[in-house]
>>> print(open('model_18.txt').read())   # compact mmCIF, C-alpha atoms
# COMPACT_ATOMS: atom_id res chain seq x y z
CA MET A 24 -3.57 -9.43 15.09
CA LYS A 25 -0.32 -9.18 17.05
CA LYS A 26 1.46 -11.51 14.62
CA LEU A 27 0.06 -9.60 11.66
CA ILE A 28 1.38 -6.23 12.81
CA LEU A 29 4.75 -7.72 13.65
CA THR A 30 4.83 -9.30 10.19
CA ILE A 31 4.31 -5.94 8.49
CA LEU A 32 6.84 -4.29 10.79
CA PHE A 33 9.42 -6.99 10.07
CA THR A 34 8.87 -6.61 6.32
CA LEU A 35 9.38 -2.85 6.42
CA VAL A 36 12.47 -2.95 8.60
CA LEU A 37 14.22 -5.81 6.82
CA SER A 38 13.26 -5.13 3.21
CA GLY A 39 14.91 -1.72 3.37
CA SER A 40 13.93 -0.54 -0.10
CA ALA A 41 12.09 -1.66 -3.21
CA PHE A 42 15.27 -1.76 -5.26
CA ALA A 43 17.14 -4.13 -2.93
CA ASP A 44 18.91 -6.93 -4.80
CA ASN A 45 20.63 -10.25 -4.09
CA HIS A 46 24.19 -8.93 -3.98
CA CYS A 47 24.93 -9.61 -0.33
CA ASN A 48 27.53 -11.88 1.24
CA GLU A 49 27.01 -15.52 2.23
CA ASN A 50 26.63 -14.76 5.94
CA ARG A 51 23.77 -12.39 5.22
CA LYS A 52 22.08 -14.95 2.94
CA ASP A 53 22.44 -17.64 5.59
CA TRP A 54 20.98 -15.39 8.30
CA ILE A 55 18.03 -14.40 6.08
CA LYS A 56 17.38 -18.08 5.33
CA GLN A 57 17.31 -18.82 9.08
CA LEU A 58 15.08 -15.83 9.69
CA LYS A 59 12.57 -16.91 7.06
CA ARG A 60 12.43 -20.37 8.58
CA ASP A 61 11.93 -18.95 12.09
CA LEU A 62 9.17 -16.60 10.97
CA ALA A 63 7.41 -19.45 9.19
CA TYR A 64 7.11 -21.25 12.54
CA ASP A 65 5.00 -18.38 13.89
CA ILE A 66 3.25 -17.10 10.76
CA GLU A 67 0.97 -19.48 8.92
CA ASP A 68 0.65 -19.50 5.13
CA VAL A 69 3.46 -17.03 4.52
CA VAL A 70 4.89 -16.57 1.01
CA TYR A 71 8.30 -14.90 0.56
CA SER A 72 9.92 -13.32 -2.47
CA ASN A 73 13.03 -14.93 -3.97
CA ASN A 74 15.24 -12.19 -2.56
CA GLN A 75 18.09 -13.84 -0.61
CA CYS A 76 19.28 -10.68 1.13
CA PHE A 77 16.07 -9.40 2.71
CA VAL A 78 12.89 -10.81 4.21
CA GLU A 79 10.16 -9.72 1.82
CA ILE A 80 6.73 -11.15 2.59
CA LEU A 81 4.52 -11.25 -0.49
CA GLU A 82 1.47 -12.94 0.96
CA HIS A 83 0.17 -13.97 4.37
CA SER A 84 -2.95 -16.01 5.14
CA GLY A 85 -4.29 -15.62 1.62
CA ARG A 86 -3.85 -11.84 1.43
CA SER A 87 -1.10 -9.83 -0.16
CA ILE A 88 1.06 -7.77 2.17
CA GLU A 89 -0.35 -4.65 0.50
CA GLU A 90 -3.87 -5.67 1.55
CA HIS A 91 -2.72 -6.23 5.12
CA SER A 92 -0.85 -2.91 5.18
CA TYR A 93 -3.87 -1.01 3.88
CA ARG A 94 -6.20 -2.63 6.39
CA ILE A 95 -3.93 -1.96 9.40
CA ALA A 96 -1.86 1.11 8.54
CA GLY A 97 -4.39 2.81 6.27
CA ASP A 98 -6.92 3.42 9.00
CA LYS A 99 -5.44 4.77 12.22
CA ARG A 100 -8.92 5.17 13.70
CA ASP A 101 -9.26 1.43 14.34
CA ASP A 102 -10.19 0.81 17.95
CA PHE A 103 -7.71 -1.72 19.35
CA LYS A 104 -9.19 -3.24 22.48
CA ASP A 105 -5.96 -4.95 23.48
CA SER A 106 -3.49 -2.46 24.94
CA GLU A 107 -0.55 -4.64 23.88
CA GLU A 108 -1.75 -4.55 20.28
CA ARG A 109 -2.08 -0.77 20.51
CA LYS A 110 1.53 -0.52 21.69
CA ILE A 111 2.69 -2.71 18.82
CA ARG A 112 0.75 -0.59 16.33
CA ASN A 113 2.35 2.59 17.73
CA LEU A 114 5.78 0.99 17.54
CA PHE A 115 5.05 0.08 13.93
CA PHE A 116 4.30 3.70 13.03
CA ASP A 117 7.34 5.00 14.96
CA ILE A 118 9.72 2.70 13.10
CA PHE A 119 8.04 3.38 9.76
CA ASN A 120 8.35 7.15 10.20
CA ASN A 121 12.00 6.98 11.27
CA LEU A 122 13.13 4.53 8.61
CA ASP A 123 15.07 6.99 6.43
CA GLN A 124 17.55 4.58 4.88
CA PRO A 125 17.90 0.82 4.34
CA LEU A 126 20.09 -1.30 6.55
CA ASP A 127 23.53 -2.35 5.37
CA ILE A 128 22.88 -5.16 2.90
CA ASN A 129 25.52 -7.33 4.64
CA TRP A 130 24.44 -6.60 8.21
CA VAL A 131 23.78 -9.55 10.54
CA PRO A 132 22.97 -9.37 14.26
CA PRO A 133 25.87 -9.69 16.75
CA ASP A 134 24.54 -13.01 18.04
CA TYR A 135 24.22 -14.54 14.56
CA ILE A 136 25.55 -18.11 14.36
CA PRO A 137 26.17 -19.62 10.89
CA SER A 138 23.74 -22.38 10.05
CA VAL A 139 24.99 -25.95 10.57
CA HIS A 140 21.81 -28.03 10.48
CA PRO A 141 18.22 -26.98 11.29
CA ASP A 142 17.99 -29.20 14.39
CA PHE A 143 21.39 -28.07 15.69
CA ASP A 144 20.60 -24.42 14.93
CA ASP A 145 17.32 -24.61 16.85
CA GLY A 146 19.01 -26.46 19.70
CA ILE A 147 21.59 -23.69 20.04
CA LYS A 148 18.93 -20.98 19.95
CA TYR A 149 16.90 -22.61 22.71
CA PHE A 150 20.05 -23.36 24.71
CA ASN A 151 21.15 -19.71 24.54
CA LYS A 152 17.67 -18.67 25.70
CA LYS A 153 18.02 -21.12 28.63
CA GLU A 154 15.04 -23.14 27.39
CA TYR A 155 16.86 -26.38 28.07
CA TYR A 156 14.01 -28.85 27.60
CA SER A 157 13.36 -27.59 24.07
CA ALA A 158 17.11 -27.47 23.36
CA ALA A 159 17.46 -31.10 24.42
CA LEU A 160 14.76 -32.21 21.98
CA PHE A 161 16.43 -30.60 18.97
CA LEU A 162 19.95 -31.66 19.96
CA SER A 163 18.75 -35.24 20.51
CA ASP A 164 17.19 -35.30 17.04
CA PHE A 165 20.38 -33.93 15.53
CA LEU A 166 22.56 -36.54 17.25
CA GLU A 167 20.24 -39.38 16.30
CA ASN A 168 20.60 -38.62 12.59
CA ASN A 169 24.01 -36.91 12.30
CA ILE A 170 26.39 -38.76 14.61
CA GLN A 171 29.22 -38.52 12.02
CA HIS A 172 28.85 -34.75 11.60
CA ASP A 173 31.88 -32.62 12.55
CA ILE A 174 29.77 -30.69 15.04
CA ALA A 175 28.42 -33.83 16.76
CA PRO A 176 30.92 -33.72 19.68
CA LYS A 177 29.77 -30.19 20.52
CA ALA A 178 26.11 -31.19 20.14
CA GLN A 179 26.66 -34.12 22.52
CA TYR A 180 28.33 -31.86 25.10
CA LEU A 181 25.51 -29.30 24.92
CA TYR A 182 22.94 -32.10 25.11
CA ALA A 183 24.56 -33.32 28.33
CA GLU A 184 24.67 -29.74 29.60
CA THR A 185 20.90 -29.41 29.26
CA PHE A 186 20.54 -32.11 31.93
CA ARG A 187 23.21 -30.64 34.22
CA LEU A 188 21.56 -27.22 34.03
CA THR A 189 18.16 -28.71 34.92
CA ASP A 190 19.64 -30.68 37.84
CA ASP A 191 19.16 -34.11 36.26
CA TYR A 192 22.65 -35.18 37.29
CA ILE A 193 22.34 -38.91 36.58
CA GLU A 194 21.22 -38.34 32.98
CA ALA A 195 23.87 -35.66 32.60
CA ALA A 196 26.54 -38.11 33.77
CA THR A 197 25.22 -40.69 31.30
CA GLN A 198 25.43 -38.23 28.40
CA TYR A 199 28.93 -36.98 29.30
CA LEU A 200 30.04 -40.61 29.45
CA THR A 201 28.41 -41.25 26.06
CA GLY A 202 30.27 -38.28 24.64
CA TYR A 203 33.57 -39.52 26.02
CA GLU A 204 33.11 -42.96 24.52
CA LYS A 205 31.87 -41.80 21.11
CA PHE A 206 34.16 -38.81 20.61
CA ILE A 207 37.24 -39.74 22.63
CA GLU A 208 39.64 -37.88 20.32
CA SER A 209 37.62 -34.68 20.04
CA GLU A 210 38.47 -31.34 21.62
CA PHE A 211 35.54 -31.87 24.00
CA THR A 212 37.05 -34.97 25.61
CA PRO A 213 38.54 -33.09 28.61
CA LEU A 214 35.20 -31.35 29.14
CA TYR A 215 33.37 -34.68 29.13
CA VAL A 216 35.72 -36.00 31.83
CA MET A 217 35.56 -32.81 33.92
CA ARG A 218 31.76 -32.64 33.91
CA LEU A 219 31.48 -36.40 34.45
CA GLY A 220 33.64 -36.03 37.56
CA GLU A 221 31.47 -33.19 38.81
CA MET A 222 28.28 -35.19 38.22
CA MET A 223 29.64 -38.23 40.06
CA ILE A 224 30.21 -36.04 43.09
CA LYS A 225 26.68 -34.63 42.73
CA ILE A 226 25.16 -38.14 42.77
CA ASP A 227 27.12 -39.16 45.87
CA TYR A 228 30.18 -40.87 44.43
CA PRO A 229 32.76 -38.31 45.61
CA LYS A 230 35.77 -40.63 45.46
CA THR A 231 35.18 -41.52 41.81
CA GLY A 232 34.31 -37.92 40.96
CA CYS A 233 37.46 -36.53 42.53
CA GLU A 234 39.60 -39.15 40.80
CA LEU A 235 38.08 -38.14 37.45
CA LEU A 236 38.78 -34.48 38.12
CA ASN A 237 42.37 -35.32 39.00
CA ASN A 238 42.72 -37.07 35.65
CA VAL A 239 41.35 -34.27 33.48
CA GLN A 240 44.74 -32.74 32.81
CA ASN A 241 46.08 -36.09 31.58
CA GLU A 242 43.55 -36.20 28.77
CA VAL A 243 44.40 -36.04 25.06
CA PRO A 244 44.17 -33.46 23.60
CA PRO A 245 45.79 -31.41 26.39
CA VAL A 246 43.43 -29.18 28.34
CA ASN A 247 43.47 -25.46 27.75
CA ASP A 248 43.88 -22.96 30.56
CA ASP A 249 40.13 -22.38 31.00
CA ILE A 250 39.40 -26.08 31.54
CA TYR A 251 42.44 -26.47 33.79
CA PHE A 252 41.40 -23.59 36.06
CA GLU A 253 37.75 -24.68 36.16
CA THR A 254 38.86 -28.17 37.15
CA GLU A 255 41.02 -26.73 39.89
CA GLN A 256 38.08 -24.66 41.14
CA LEU A 257 35.79 -27.70 41.17
CA MET A 258 38.35 -29.66 43.16
CA LYS A 259 38.52 -26.86 45.73
CA THR A 260 34.73 -26.56 45.87
CA TYR A 261 34.26 -30.28 46.50
CA LYS A 262 37.40 -30.62 48.67
CA CYS A 263 39.05 -33.14 46.37
CA PRO A 264 42.61 -34.12 47.38
CA LYS A 265 45.19 -33.21 44.76
CA VAL A 266 46.85 -36.38 43.47
CA VAL A 267 49.67 -36.64 40.96
CA THR A 268 48.61 -39.46 38.68
CA THR A 269 50.89 -41.93 36.93
CA ASP A 270 49.90 -44.23 34.07
CA GLY A 271 47.09 -41.73 33.47
CA ASP A 272 45.62 -43.43 30.42
CA ILE A 273 45.29 -46.79 32.20
CA MET A 274 43.91 -45.20 35.35
CA LEU A 275 41.38 -43.14 33.44
CA ALA A 276 40.25 -46.17 31.42
CA ASN A 277 39.60 -48.04 34.66
CA LEU A 278 37.81 -45.03 36.14
CA ILE A 279 35.56 -44.75 33.13
CA LYS A 280 34.74 -48.44 33.38
CA ASP A 281 33.92 -48.12 37.09
CA THR A 282 31.87 -44.99 36.47
CA LYS A 283 29.84 -46.73 33.78
CA GLU A 284 28.98 -49.52 36.19
CA LEU A 285 27.95 -47.06 38.91
CA ILE A 286 25.48 -45.07 36.81
CA GLN A 287 23.91 -47.98 34.91
>>> encode(input="model_18.txt", output="structure tokens")
Amino acid sequence: MKKLILTILFTLVLSGSAFADNHCNENRKDWIKQLKRDLAYDIEDVVYSNNQCFVEILEHSGRSIEEHSYRIAGDKRDDFKDSEERKIRNLFFDIFNNLDQPLDINWVPPDYIPSVHPDFDDGIKYFNKKEYYSAALFLSDFLENNIQHDIAPKAQYLYAETFRLTDDYIEAATQYLTGYEKFIESEFTPLYVMRLGEMMIKIDYPKTGCELLNNVQNEVPPVNDDIYFETEQLMKTYKCPKVVTTDGDIMLANLIKDTKELIQ
């Protein structure tokens, strides 16, 4: 019942008007496509219209949306035993009564992220909601099948982050190291080294960790200010001595080799 009322509410709010057409921009179409896919996860047997700019549900669980609307909205005397369902029904009527004009046909929510790949998109959504175990599953699937994708270095970094943020420091170190080796020329390379250094300290290899942190600024491409200052802060937090490195590339290569042996 809860899903049904939310379905009707979503249709009313997002369809805007009966004369809505497909003349919206690509961002809007992409967001609507994502939204339809997300709704389909929660609503079984849903049939949409071909409209690319709005979510218009034609049928749900074998009934037309008109049949559902008549059954729920047509009889306000229904006795809802569940107080949460009653609140949802009231919210439905409030929004319906105040819906005096359709939304901008090109509107997308502020947190909208353009679609890259379904697994990556879902991984990002769960990551942003701090549901790291679910995020890891989707990001792992993406990396397994799309290692050559342009977004793969970011996916690998976020995958490693899911372990750091759930305190699985050994697996996090392994995944940062994997990212460094697979995507050594990506913009995420300094981040891989910085987080790898932090993880080595966390798993009781402070000397190696501090040496990695000292070498972050020697990475290619050069680190930006945010990474530089975060590295400096980590070195202060973990009381790492500041060392001016020479032959940075050779030293870092040896450090990476030693680190790999320590965590295997």
>>> atom_distance(input="model_18.txt", atom1="CA of Gly146 (chain A)", atom2="CA of Pro213 (chain A)")
22.5 Å
>>> closest_residue(input="model_18.txt", among="A:Ile170, A:Leu58, A:Leu188, A:Ala178", to="Pro132 (chain A)", atoms="all atoms listed in the file")
A:Leu58
>>> residues_around(input="model_18.txt", residues="Tyr203 (chain A)", least_positions_apart="2", cutoff="10 Å", atoms="all atoms listed in the file", output="PDB file with C-alpha atoms, in the frame of the given file")
ATOM      1  CA  PRO A 176      30.920 -33.720  19.680  1.00  0.00           C
ATOM      2  CA  GLN A 179      26.660 -34.120  22.520  1.00  0.00           C
ATOM      3  CA  TYR A 180      28.330 -31.860  25.100  1.00  0.00           C
ATOM      4  CA  THR A 197      25.220 -40.690  31.300  1.00  0.00           C
ATOM      5  CA  GLN A 198      25.430 -38.230  28.400  1.00  0.00           C
ATOM      6  CA  TYR A 199      28.930 -36.980  29.300  1.00  0.00           C
ATOM      7  CA  LEU A 200      30.040 -40.610  29.450  1.00  0.00           C
ATOM      8  CA  THR A 201      28.410 -41.250  26.060  1.00  0.00           C
ATOM      9  CA  LYS A 205      31.870 -41.800  21.110  1.00  0.00           C
ATOM     10  CA  PHE A 206      34.160 -38.810  20.610  1.00  0.00           C
ATOM     11  CA  ILE A 207      37.240 -39.740  22.630  1.00  0.00           C
ATOM     12  CA  GLU A 208      39.640 -37.880  20.320  1.00  0.00           C
ATOM     13  CA  SER A 209      37.620 -34.680  20.040  1.00  0.00           C
ATOM     14  CA  PHE A 211      35.540 -31.870  24.000  1.00  0.00           C
ATOM     15  CA  THR A 212      37.050 -34.970  25.610  1.00  0.00           C
ATOM     16  CA  PRO A 213      38.540 -33.090  28.610  1.00  0.00           C
ATOM     17  CA  LEU A 214      35.200 -31.350  29.140  1.00  0.00           C
ATOM     18  CA  TYR A 215      33.370 -34.680  29.130  1.00  0.00           C
ATOM     19  CA  VAL A 216      35.720 -36.000  31.830  1.00  0.00           C
ATOM     20  CA  LEU A 219      31.480 -36.400  34.450  1.00  0.00           C
ATOM     21  CA  ILE A 279      35.560 -44.750  33.130  1.00  0.00           C
TER      22      ILE A 279
END
>>> closest_residue(input="model_18.txt", among="A:Met223, A:Ala175, A:Ala158, A:Ile128", to="Glu284 (chain A)", atoms="only C-alpha atoms")
A:Met223
>>> atom_distance(input="model_18.txt", atom1="CA of Cys233 (chain A)", atom2="CA of Lys177 (chain A)")
24.2 Å
>>> residues_around(input="model_18.txt", residues="Asp134 (chain A)", least_positions_apart="4", cutoff="12 Å", atoms="all atoms listed in the file", output="PyMOL selection string")
chain A and resi 54+130+147-148+151-152
>>> atom_distance(input="model_18.txt", atom1="CA of Asp164 (chain A)", atom2="CA of Asp142 (chain A)")
6.7 Å
>>> closest_residue(input="model_18.txt", among="A:Ile80, A:Leu236, A:Leu166, A:Ala63", to="Cys263 (chain A)", atoms="all atoms listed in the file")
A:Leu236
>>> residues_near_point(input="model_18.txt", point="(24.9, -6.3, -1.4)", cutoff="9 Å", atoms="all atoms listed in the file", output="tab-separated table (two decimals) with C-alpha atoms, keeping the file's coordinate frame")
chain	number	residue	atom	x	y	z
A	43	ALA	CA	17.14	-4.13	-2.93
A	44	ASP	CA	18.91	-6.93	-4.80
A	45	ASN	CA	20.63	-10.25	-4.09
A	46	HIS	CA	24.19	-8.93	-3.98
A	47	CYS	CA	24.93	-9.61	-0.33
A	48	ASN	CA	27.53	-11.88	1.24
A	76	CYS	CA	19.28	-10.68	1.13
A	127	ASP	CA	23.53	-2.35	5.37
A	128	ILE	CA	22.88	-5.16	2.90
A	129	ASN	CA	25.52	-7.33	4.64
>>> axis_aligned_box(input="model_18.txt", around="region 149-157 of chain A", padding_each_side="5 Å", output="AutoDock Vina command-line options")
--center_x 17.3 --center_y -23.8 --center_z 25.7 --size_x 17.8 --size_y 20.2 --size_z 15.9
>>> residues_around(input="model_18.txt", residues="Arg187 (chain A)", least_positions_apart="2", cutoff="12 Å", atoms="only C-alpha atoms", output="list in words")
Tyr155, Tyr156, Ala159, Tyr180, Leu181, Tyr182, Ala183, Glu184, Thr185, Thr189, Asp190, Asp191, Tyr192, Ile193, Glu194, Ala195, Ala196, Thr197, Gln198, Tyr199, Arg218, Leu219, Glu221, Met222, Met223, Lys225 and Ile226 of chain A
